[in-house]
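*Asks:* Below you'll find the structure I mean.
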Amino acid sequence: MSRIAARFAALRAEGRGAFIPFLEAFDPDRATSQAILEGMPAAGADLIEIGMPFSDPMADGPIIQEAGQRALKAGATLAGVLAMVRAFRTHDAATPVILMGYLNPILAYGEARFCTDAAAAGVDGLIIVDLPPEEADLLAPDAARAGLDIIRLVAPTTDAKRLPHVLTGAGGFVYYVSITGITGTRSAAIADLAAAMPPIRRATDLPIAIGFGVKTPAQAAEAVGIADAAVVASALIETLAASLQDGRAGPDTVARVLDQVRAIARAIREARR
Amino acid sequence: MTLFANSLRAGPDERGRFGSFGGRFVAETLVPLILEVEAAYRAARDDPGFQAELDRYLRDYVGRPSPLWLAERLSAALGGAKIYLKREDLNHTGAHKINSCLGQILLARRMGKTRIIAETGAGQHGVATATVCALFGLPCTIYMGAVDVERQKPNVFRMRLLGAEVRPVTSGSATLKDAMNEALRDWVAHVSDTYYLIGTVAGPHPYPMMVRDFQSVIGTETRAQILAAEGRLPDAALACVGGGSNAMGLFHTFLDDEAVRLIGVEAAGRGLDTHEHAASLERGRPGVLHGNRTYLLQSQDGQIEEAHSISAGLDYPGIGPEHAFLFESGRVTYVGVTDDEALAAFQLCTRTEGIIPALETAHALAYLTKLAPEIGPGGVIVVNLSGRGDKDIFTVARHLGAGAGLEELP
């Protein structure tokens, strides 16, 4: 069983939802983001999503765009992101790690080599924003060969007719993009989210994670009340950004981000399913 | 070269691919939208009523057909090949961009969309979009890099006069590629009422095909006009290439005419072997950006790099996917022209023909100064005079500096 499947199975047995915090690799520098990554499981992360910086992140709002710019300035490369995961794996064999990013840096690295190297580093799944099902054959065979899950995005614009197509070849879990919009802007109404779940449940047995617009502990708790996991990204990066001094990590950057992870994790654990 | 087993004009395939280029590399949220645009476009294309309506606007509003002008003094100055200029600069709004804007806004209306967004670099596409939005009474938002807002002030003012909201984009490098990112972000947040009116033959399928089709009126007219004037096809057809819409518009008609040399002119900026150019084909590598697989200026790590050109309209690190295909197939030759060469050709055309060309267009004219003597007397060359240069006179004045007689200008 993959790490992702094992983790969701264990949480299901526990009767609670999963918390998936996000960090942008190398934001604001390699060591700080490594420290945040290392601290996340103890702070309550069930799975971890790591952003691979790209110069032109077209689905992201200003908060993650700026994180990417800081990371690139700090020297982020895909090889560097994989090295972070490799270091993390030396003492955490269980927490699933998902890389999220855009296609072009992967093509530049070489898609087959990337999948091989990512799997060897201890990556479990990939979310490639600009690789919809229509183009998935570009990466799917290499990912499958390496044992990496391709996590598919489902959006409010994905209608019932299209859902089976989107979910063909999906692995790990389904990432429900809760708003029509970019990351870190507005939040979906809980009623809309609840209404969006049944068609997806009917179309797949995979767990469903809700992302985009999940910012507060309360929202995260609500999300796991109707889905299986909540992804929180921009809200954590906002905290990180606020802690920076002249663009560099401040003395409490790592602690502040991890405190917020802890607060959200607590809310999720207390949420009634 | 053994080509033409099948027509080169047949692309794209049902996945929106020209060979291995093109496609639909967008976030899931947008996929249903671009599929809807594609279905609506195919229905419109097959509807004689749609074409008749578009033809009426092109004739009575844009002023088509545009003339094919025999440039006798320029021909004589360059050694004798007969040079014809396809006068897209005489279109309403002063460039070829309006051809596609009209086609797309008629499509947006058919689709029931009530709001238009667009990106712009030099502002020509923004002005053309703002113009058709004024004509049809639709609100429009134009995304423009903050750097470009600064260097293309007259066009910003024109757009605002026309009622458009111009939103300066400060993210990334604050130029055309970032304006396109921001327009895509707007679209994803306003999927139900908004139509994204893309200005060039790039973006996700069906845009490269659709914009090419709307711009193909250039080549279709040119072909008939040159046959009427010369009784034969030209030896060569030339156009500048940024995203590549005016070039595709001219070339597409001639793709299966083996005897017609097709030449696309990229902006070589300060030189192809510097880091300051916009020559995606000559110096880039294939990758994926803005919804399509094509040649891109990018780092070893796949991060998109800044383009540079004196002409804001060519200042883009990518190129339409059909050009990437035609480049690899060898059917179209792509060459580079520097800022300085373009400035010289800008002045040559102005002084010999009394036509002030856009700086974008001046790149094609600069290569013409090399090609015309090579083809020589008896030859026939067509150049797409894609836009007029009024918008560029301040830029040119700055570069020519003292002695240009333009010292009094801001």
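In the structure tokens, each chain is lettered A, B, ... as it comes, each chain's residues begin at 1, and ligands are numbered from 1 in order of appearance.
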May I have all residues of segment 27-187 of chain A that DSSP, computed from the backbone, assigns to strand (DSSP E or B), given as a CSV table (one decimal) with C-alpha atoms, in the first residue's frame?
*Replies:*
```csv
chain,number,residue,atom,x,y,z
A,48,ILE,CA,2.5,17.5,3.3
A,49,GLU,CA,2.2,19.4,0.1
A,50,ILE,CA,5.4,21.0,-1.2
A,51,GLY,CA,5.3,23.7,-3.8
A,97,VAL,CA,4.8,14.0,0.6
A,98,ILE,CA,3.1,15.5,-2.5
A,99,LEU,CA,4.8,17.9,-4.8
A,100,MET,CA,2.7,20.6,-6.4
A,101,GLY,CA,3.8,22.7,-9.3
A,125,GLY,CA,2.4,12.0,-5.5
A,126,LEU,CA,2.3,14.9,-7.9
A,127,ILE,CA,-0.2,17.7,-8.5
A,128,ILE,CA,0.6,19.3,-11.8
A,149,ASP,CA,0.3,9.0,-7.8
A,150,ILE,CA,-1.0,11.6,-10.2
A,152,ARG,CA,-6.2,15.0,-10.1
A,153,LEU,CA,-7.9,18.4,-9.6
A,154,VAL,CA,-11.7,18.6,-9.8
A,174,VAL,CA,-8.9,13.8,-5.4
A,175,TYR,CA,-8.1,17.5,-4.9
A,176,TYR,CA,-11.2,19.5,-5.0
A,177,VAL,CA,-10.5,23.1,-6.0
```
*Asks:* Contacts of segment 23-25 of chain A at 10 Å or less, counting only C-alpha atoms, minus same-chain residues fewer than 2 places along, as a VMD selection string?
*Replies:* chain A and resid 20 to 21 27 to 34 36 to 37 40 48 to 53 64 to 65 67 to 68 70 to 72 74 76 to 78 80 to 82 84 to 85 99 to 101 232 to 234 236 to 237 240 257
*Asks:* If you keep C-alpha atoms, can you produce a file of those selected residues as a PDB file, in the first residue's frame?
*Replies:*
```
ATOM      1  CA  ILE A  20      -2.441  18.758   4.514  1.00  0.00           C
ATOM      2  CA  PRO A  21      -0.375  21.896   5.087  1.00  0.00           C
ATOM      3  CA  ASP A  27      10.813  30.067   0.767  1.00  0.00           C
ATOM      4  CA  PRO A  28      12.440  32.240   1.995  1.00  0.00           C
ATOM      5  CA  ASP A  29      15.552  30.036   1.899  1.00  0.00           C
ATOM      6  CA  ARG A  30      16.451  26.370   1.815  1.00  0.00           C
ATOM      7  CA  ALA A  31      17.265  25.962   5.540  1.00  0.00           C
ATOM      8  CA  THR A  32      14.120  27.700   6.800  1.00  0.00           C
ATOM      9  CA  SER A  33      11.799  25.769   4.519  1.00  0.00           C
ATOM     10  CA  GLN A  34      13.586  22.537   5.476  1.00  0.00           C
ATOM     11  CA  ILE A  36       9.321  24.032   8.521  1.00  0.00           C
ATOM     12  CA  LEU A  37       9.027  20.758   6.582  1.00  0.00           C
ATOM     13  CA  MET A  40       5.239  19.785  10.263  1.00  0.00           C
ATOM     14  CA  ILE A  48       2.504  17.470   3.331  1.00  0.00           C
ATOM     15  CA  GLU A  49       2.247  19.351   0.073  1.00  0.00           C
ATOM     16  CA  ILE A  50       5.423  21.037  -1.157  1.00  0.00           C
ATOM     17  CA  GLY A  51       5.287  23.721  -3.837  1.00  0.00           C
ATOM     18  CA  MET A  52       7.859  23.583  -6.613  1.00  0.00           C
ATOM     19  CA  PRO A  53       8.650  27.205  -7.467  1.00  0.00           C
ATOM     20  CA  ILE A  64       1.985  32.062  -3.483  1.00  0.00           C
ATOM     21  CA  GLN A  65       3.389  34.007  -6.454  1.00  0.00           C
ATOM     22  CA  ALA A  67       6.588  32.869  -2.211  1.00  0.00           C
ATOM     23  CA  GLY A  68       7.736  31.429  -5.534  1.00  0.00           C
ATOM     24  CA  ARG A  70      11.431  34.496  -2.993  1.00  0.00           C
ATOM     25  CA  ALA A  71      12.220  30.826  -3.467  1.00  0.00           C
ATOM     26  CA  LEU A  72      13.664  31.295  -6.944  1.00  0.00           C
ATOM     27  CA  ALA A  74      17.013  31.785  -2.949  1.00  0.00           C
ATOM     28  CA  ALA A  76      15.295  26.890  -5.819  1.00  0.00           C
ATOM     29  CA  THR A  77      15.561  24.161  -8.459  1.00  0.00           C
ATOM     30  CA  LEU A  78      13.722  20.866  -8.835  1.00  0.00           C
ATOM     31  CA  GLY A  80      16.956  21.195  -4.697  1.00  0.00           C
ATOM     32  CA  VAL A  81      13.303  20.375  -3.930  1.00  0.00           C
ATOM     33  CA  LEU A  82      14.024  16.658  -4.276  1.00  0.00           C
ATOM     34  CA  MET A  84      14.764  18.535   0.652  1.00  0.00           C
ATOM     35  CA  VAL A  85      12.467  15.520   0.460  1.00  0.00           C
ATOM     36  CA  LEU A  99       4.814  17.866  -4.848  1.00  0.00           C
ATOM     37  CA  MET A 100       2.683  20.559  -6.416  1.00  0.00           C
ATOM     38  CA  GLY A 101       3.763  22.690  -9.340  1.00  0.00           C
ATOM     39  CA  VAL A 232      -4.118  24.993   3.800  1.00  0.00           C
ATOM     40  CA  ALA A 233      -1.542  26.937   1.807  1.00  0.00           C
ATOM     41  CA  SER A 234      -1.818  30.702   1.390  1.00  0.00           C
ATOM     42  CA  LEU A 236       0.492  29.625   6.174  1.00  0.00           C
ATOM     43  CA  ILE A 237       2.542  31.521   3.623  1.00  0.00           C
ATOM     44  CA  LEU A 240       5.636  33.229   6.945  1.00  0.00           C
ATOM     45  CA  VAL A 257       4.305  28.852  10.851  1.00  0.00           C
TER      46      VAL A 257
END
```
*Asks:* Please build the interface table for chain B against chain A with a cut-off of 7 Å, listing for each qualifying residue the nearest atom pair and the distance in Å to one decimal; count only C-alpha atoms, order rows by chain and increasing number, and write it as a Markdown table.
*Replies:*
```
| residue | atom | partner | partner_atom | distance |
| --- | --- | --- | --- | --- |
| B:Arg24 | CA | A:Glu135 | CA | 6.9 |
| B:Phe25 | CA | A:Asp130 | CA | 5.0 |
| B:Val26 | CA | A:Asp130 | CA | 4.5 |
| B:Ala27 | CA | A:Asp130 | CA | 4.7 |
| B:Glu28 | CA | A:Pro132 | CA | 5.6 |
| B:Thr29 | CA | A:Ala155 | CA | 5.1 |
| B:Pro32 | CA | A:Thr157 | CA | 6.5 |
| B:Asn181 | CA | A:Met58 | CA | 5.1 |
| B:Leu184 | CA | A:Met58 | CA | 6.7 |
| B:Arg185 | CA | A:Ala59 | CA | 6.2 |
| B:Val188 | CA | A:Gly181 | CA | 5.0 |
| B:Ala189 | CA | A:Gly181 | CA | 3.8 |
| B:Gly287 | CA | A:Asn104 | CA | 5.7 |
| B:Val288 | CA | A:Asn104 | CA | 5.2 |
| B:Gln300 | CA | A:Ala108 | CA | 6.7 |
| B:Asp301 | CA | A:Pro105 | CA | 5.7 |
| B:Gly302 | CA | A:Pro105 | CA | 4.1 |
| B:Gln303 | CA | A:Ser55 | CA | 5.5 |
| B:Ile304 | CA | A:Ser55 | CA | 6.0 |
```
*Asks:* Do you know which residues are at most 6 Å from segment 255-272 of chain B counting only C-alpha atoms, after dropping those on the same chain fewer than 5 positions away, and could you put them as a list of chain:residue names?
*Replies:*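 Listed by chain and then number, they are B:Asp235, B:Ala236, B:Ala237, B:Leu238, B:Ala239, B:Cys240, B:Val241, B:His277, B:Ala278, B:Ala279, B:His308, B:Ser309, B:Val332, B:Thr333, B:Tyr334, B:Val335, B:Gly336, B:Val337, B:Thr338, B:Asp339, B:Ala364.
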*Asks:* Taking all heavy atoms for each residue, export the selection above as a compact mmCIF listing (two decimals), in the first residue's frame.
*Replies:*
```txt
# COMPACT_ATOMS: atom_id res chain seq x y z
N ASP B 235 7.72 35.40 -54.85
CA ASP B 235 8.85 34.52 -54.55
C ASP B 235 9.02 34.35 -53.05
O ASP B 235 9.52 33.31 -52.59
CB ASP B 235 10.14 35.12 -55.14
CG ASP B 235 10.04 35.21 -56.64
OD1 ASP B 235 9.97 34.15 -57.29
OD2 ASP B 235 9.99 36.35 -57.16
N ALA B 236 8.64 35.39 -52.30
CA ALA B 236 8.79 35.30 -50.85
C ALA B 236 7.73 36.16 -50.16
O ALA B 236 7.27 37.15 -50.73
CB ALA B 236 10.18 35.79 -50.43
N ALA B 237 7.35 35.72 -48.98
CA ALA B 237 6.44 36.50 -48.13
C ALA B 237 7.09 36.64 -46.77
O ALA B 237 7.61 35.66 -46.20
CB ALA B 237 5.08 35.82 -48.01
N LEU B 238 7.08 37.87 -46.23
CA LEU B 238 7.82 38.20 -45.01
C LEU B 238 6.89 38.79 -43.96
O LEU B 238 6.02 39.59 -44.29
CB LEU B 238 8.82 39.32 -45.33
CG LEU B 238 10.20 39.03 -45.86
CD1 LEU B 238 10.88 40.35 -46.19
CD2 LEU B 238 10.99 38.31 -44.80
N ALA B 239 7.12 38.44 -42.72
CA ALA B 239 6.35 39.05 -41.63
C ALA B 239 7.16 38.98 -40.35
O ALA B 239 7.96 38.06 -40.16
CB ALA B 239 5.02 38.34 -41.44
N CYS B 240 6.94 39.94 -39.47
CA CYS B 240 7.58 39.88 -38.16
C CYS B 240 6.81 38.88 -37.27
O CYS B 240 5.65 38.60 -37.51
CB CYS B 240 7.60 41.26 -37.50
SG CYS B 240 5.97 41.94 -37.13
N VAL B 241 7.53 38.35 -36.26
CA VAL B 241 6.94 37.34 -35.39
C VAL B 241 7.24 37.66 -33.93
O VAL B 241 8.40 37.70 -33.52
CB VAL B 241 7.53 35.94 -35.69
CG1 VAL B 241 6.79 34.89 -34.88
CG2 VAL B 241 7.45 35.61 -37.15
N HIS B 277 17.11 39.43 -26.09
CA HIS B 277 16.41 39.30 -27.37
C HIS B 277 15.08 38.61 -27.11
O HIS B 277 14.77 38.28 -25.96
CB HIS B 277 17.26 38.49 -28.36
CG HIS B 277 17.62 37.12 -27.87
ND1 HIS B 277 16.69 36.10 -27.81
CD2 HIS B 277 18.77 36.61 -27.37
CE1 HIS B 277 17.26 35.02 -27.32
NE2 HIS B 277 18.53 35.30 -27.02
N ALA B 278 14.31 38.42 -28.19
CA ALA B 278 13.01 37.75 -28.04
C ALA B 278 12.89 36.63 -29.07
O ALA B 278 11.81 36.34 -29.57
CB ALA B 278 11.87 38.77 -28.20
N ALA B 279 14.04 36.00 -29.40
CA ALA B 279 14.08 35.01 -30.47
C ALA B 279 13.79 33.61 -29.92
O ALA B 279 14.68 32.79 -29.75
CB ALA B 279 15.43 35.05 -31.17
N HIS B 308 13.62 40.54 -24.60
CA HIS B 308 13.89 41.96 -24.82
C HIS B 308 13.74 42.30 -26.29
O HIS B 308 14.25 41.61 -27.16
CB HIS B 308 15.31 42.37 -24.40
CG HIS B 308 15.67 43.71 -24.98
ND1 HIS B 308 15.31 44.89 -24.37
CD2 HIS B 308 16.26 44.07 -26.15
CE1 HIS B 308 15.69 45.91 -25.15
NE2 HIS B 308 16.28 45.43 -26.23
N SER B 309 13.04 43.39 -26.56
CA SER B 309 13.03 43.97 -27.90
C SER B 309 12.70 45.44 -27.77
O SER B 309 11.99 45.85 -26.84
CB SER B 309 11.98 43.29 -28.78
OG SER B 309 11.81 44.02 -29.98
N VAL B 332 8.84 27.11 -42.92
CA VAL B 332 9.06 28.55 -42.77
C VAL B 332 10.46 28.74 -42.20
O VAL B 332 10.90 27.99 -41.32
CB VAL B 332 8.01 29.17 -41.82
CG1 VAL B 332 8.28 30.67 -41.63
CG2 VAL B 332 6.59 28.96 -42.36
N THR B 333 11.16 29.74 -42.74
CA THR B 333 12.49 30.09 -42.23
C THR B 333 12.34 31.23 -41.24
O THR B 333 11.58 32.17 -41.50
CB THR B 333 13.38 30.56 -43.40
OG1 THR B 333 13.40 29.53 -44.38
CG2 THR B 333 14.80 30.84 -42.92
N TYR B 334 13.03 31.12 -40.11
CA TYR B 334 12.95 32.19 -39.11
C TYR B 334 14.32 32.81 -38.94
O TYR B 334 15.32 32.10 -38.82
CB TYR B 334 12.42 31.64 -37.79
CG TYR B 334 10.97 31.19 -37.92
CD1 TYR B 334 10.67 29.90 -38.37
CD2 TYR B 334 9.92 32.06 -37.68
CE1 TYR B 334 9.35 29.48 -38.54
CE2 TYR B 334 8.60 31.64 -37.85
CZ TYR B 334 8.32 30.37 -38.28
OH TYR B 334 7.02 29.96 -38.46
N VAL B 335 14.35 34.12 -38.98
CA VAL B 335 15.60 34.86 -38.88
C VAL B 335 15.45 35.92 -37.80
O VAL B 335 14.34 36.24 -37.38
CB VAL B 335 15.95 35.54 -40.23
CG1 VAL B 335 16.17 34.49 -41.32
CG2 VAL B 335 14.84 36.52 -40.65
N GLY B 336 16.57 36.47 -37.36
CA GLY B 336 16.55 37.50 -36.32
C GLY B 336 17.02 38.84 -36.85
O GLY B 336 17.92 38.90 -37.70
N VAL B 337 16.41 39.90 -36.34
CA VAL B 337 16.79 41.26 -36.71
C VAL B 337 16.95 42.05 -35.41
O VAL B 337 16.11 41.96 -34.52
CB VAL B 337 15.70 41.87 -37.62
CG1 VAL B 337 15.67 43.37 -37.50
CG2 VAL B 337 15.91 41.44 -39.07
N THR B 338 18.04 42.80 -35.31
CA THR B 338 18.32 43.52 -34.05
C THR B 338 17.53 44.82 -33.97
O THR B 338 16.98 45.31 -34.96
CB THR B 338 19.82 43.87 -33.94
OG1 THR B 338 20.14 44.79 -34.99
CG2 THR B 338 20.70 42.63 -34.04
N ASP B 339 17.54 45.38 -32.76
CA ASP B 339 16.91 46.69 -32.53
C ASP B 339 17.44 47.72 -33.53
O ASP B 339 16.68 48.49 -34.12
CB ASP B 339 17.23 47.20 -31.11
CG ASP B 339 16.54 46.40 -30.01
OD1 ASP B 339 15.66 45.56 -30.32
OD2 ASP B 339 16.90 46.60 -28.83
N ALA B 364 10.49 43.13 -40.00
CA ALA B 364 10.31 42.44 -41.30
C ALA B 364 10.97 43.26 -42.40
O ALA B 364 11.64 42.72 -43.28
CB ALA B 364 8.83 42.23 -41.57
```
*Asks:* Any idea what the distance is between atom CA of Ile34 of chain B and atom CA of Tyr207 of chain B?
*Replies:* 8.7 Å
*Asks:* Would you please give, as number ranges by chain, all residues of segment 36-236 of chain A that DSSP assigns to alpha helix (DSSP H) based on the backbone?
*Replies:* A: 36-43, 62-73, 78-89, 103-109, 111-121, 140-146, 163-167, 190-203, 217-226, 234-236
*Asks:* May I have the residues within 6 Å of segment 154-163 of chain B as number ranges by chain, using only C-alpha atoms and disregarding those fewer than 2 positions away in the same chain?
*Replies:* B: 123, 127, 130, 152
*Asks:* For the selection just defined, write its residues with N, CA and C atoms to a file, as an mmCIF file, in the first residue's frame.
*Replies:*
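Below you can see part-v2.cif, which holds the result:
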```
data_model
loop_
_atom_site.group_PDB
_atom_site.id
_atom_site.type_symbol
_atom_site.label_atom_id
_atom_site.label_comp_id
_atom_site.auth_asym_id
_atom_site.auth_seq_id
_atom_site.Cartn_x
_atom_site.Cartn_y
_atom_site.Cartn_z
ATOM 1 N N GLY B 123 0.164 47.424 -26.531
ATOM 2 C CA GLY B 123 -1.093 48.133 -26.408
ATOM 3 C C GLY B 123 -1.945 48.068 -27.668
ATOM 4 N N VAL B 127 -5.859 48.161 -27.552
ATOM 5 C CA VAL B 127 -6.643 49.210 -28.216
ATOM 6 C C VAL B 127 -7.694 48.576 -29.133
ATOM 7 N N ALA B 130 -10.403 47.174 -26.870
ATOM 8 C CA ALA B 130 -11.212 48.246 -26.295
ATOM 9 C C ALA B 130 -12.141 48.842 -27.357
ATOM 10 N N GLN B 152 4.283 52.710 -23.033
ATOM 11 C CA GLN B 152 3.300 52.828 -24.118
ATOM 12 C C GLN B 152 2.136 53.709 -23.675
#
```
*Asks:* For atom CA of Met248 of chain B and atom CA of Thr395 of chain B, determine how far apart the two atoms are, in Å to one decimal place.
*Replies:*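 Straight-line distance from atom CA of Met248 of chain B to atom CA of Thr395 of chain B works out to 26.8 Å.
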*Asks:* Might you pull out every residue within 8 Å of Ile264 of chain A, with only C-alpha atoms counted and same-chain residues fewer than 2 positions away left off, and present them as a compact mmCIF listing (two decimals) with N, CA, C and O atoms, in the first residue's frame?
*Replies:*
```txt
# COMPACT_ATOMS: atom_id res chain seq x y z
N PHE A 19 -5.15 16.58 7.67
CA PHE A 19 -4.68 17.95 7.47
C PHE A 19 -3.47 17.92 6.55
O PHE A 19 -2.50 17.21 6.79
N THR A 216 -8.71 29.26 7.82
CA THR A 216 -8.75 29.29 9.30
C THR A 216 -8.94 27.88 9.86
O THR A 216 -9.39 26.97 9.15
N PRO A 217 -8.62 27.71 11.15
CA PRO A 217 -8.91 26.41 11.80
C PRO A 217 -10.38 26.03 11.63
O PRO A 217 -10.69 24.87 11.36
N ALA A 218 -11.27 27.01 11.77
CA ALA A 218 -12.70 26.70 11.66
C ALA A 218 -13.05 26.21 10.26
O ALA A 218 -13.82 25.24 10.09
N ALA A 220 -11.02 24.79 8.14
CA ALA A 220 -10.42 23.48 7.95
C ALA A 220 -11.28 22.40 8.61
O ALA A 220 -11.49 21.32 8.04
N ALA A 221 -11.79 22.72 9.80
CA ALA A 221 -12.65 21.76 10.50
C ALA A 221 -13.92 21.49 9.71
O ALA A 221 -14.37 20.35 9.59
N GLN A 260 0.84 27.87 13.73
CA GLN A 260 -0.41 27.93 12.97
C GLN A 260 -0.81 26.53 12.49
O GLN A 260 -1.99 26.16 12.51
N VAL A 261 0.20 25.75 12.07
CA VAL A 261 -0.07 24.36 11.68
C VAL A 261 -0.72 23.62 12.86
O VAL A 261 -1.72 22.91 12.70
N ARG A 262 -0.16 23.84 14.03
CA ARG A 262 -0.66 23.18 15.24
C ARG A 262 -2.12 23.57 15.51
O ARG A 262 -2.96 22.71 15.81
N ARG A 266 -5.24 21.01 15.45
CA ARG A 266 -6.07 20.78 16.62
C ARG A 266 -7.55 20.89 16.24
O ARG A 266 -8.36 20.04 16.62
N ALA A 267 -7.88 21.91 15.47
CA ALA A 267 -9.28 22.10 15.05
C ALA A 267 -9.77 20.90 14.24
O ALA A 267 -10.91 20.46 14.39
N ILE A 268 -8.90 20.38 13.41
CA ILE A 268 -9.29 19.23 12.59
C ILE A 268 -9.50 17.99 13.47
O ILE A 268 -10.44 17.22 13.27
```
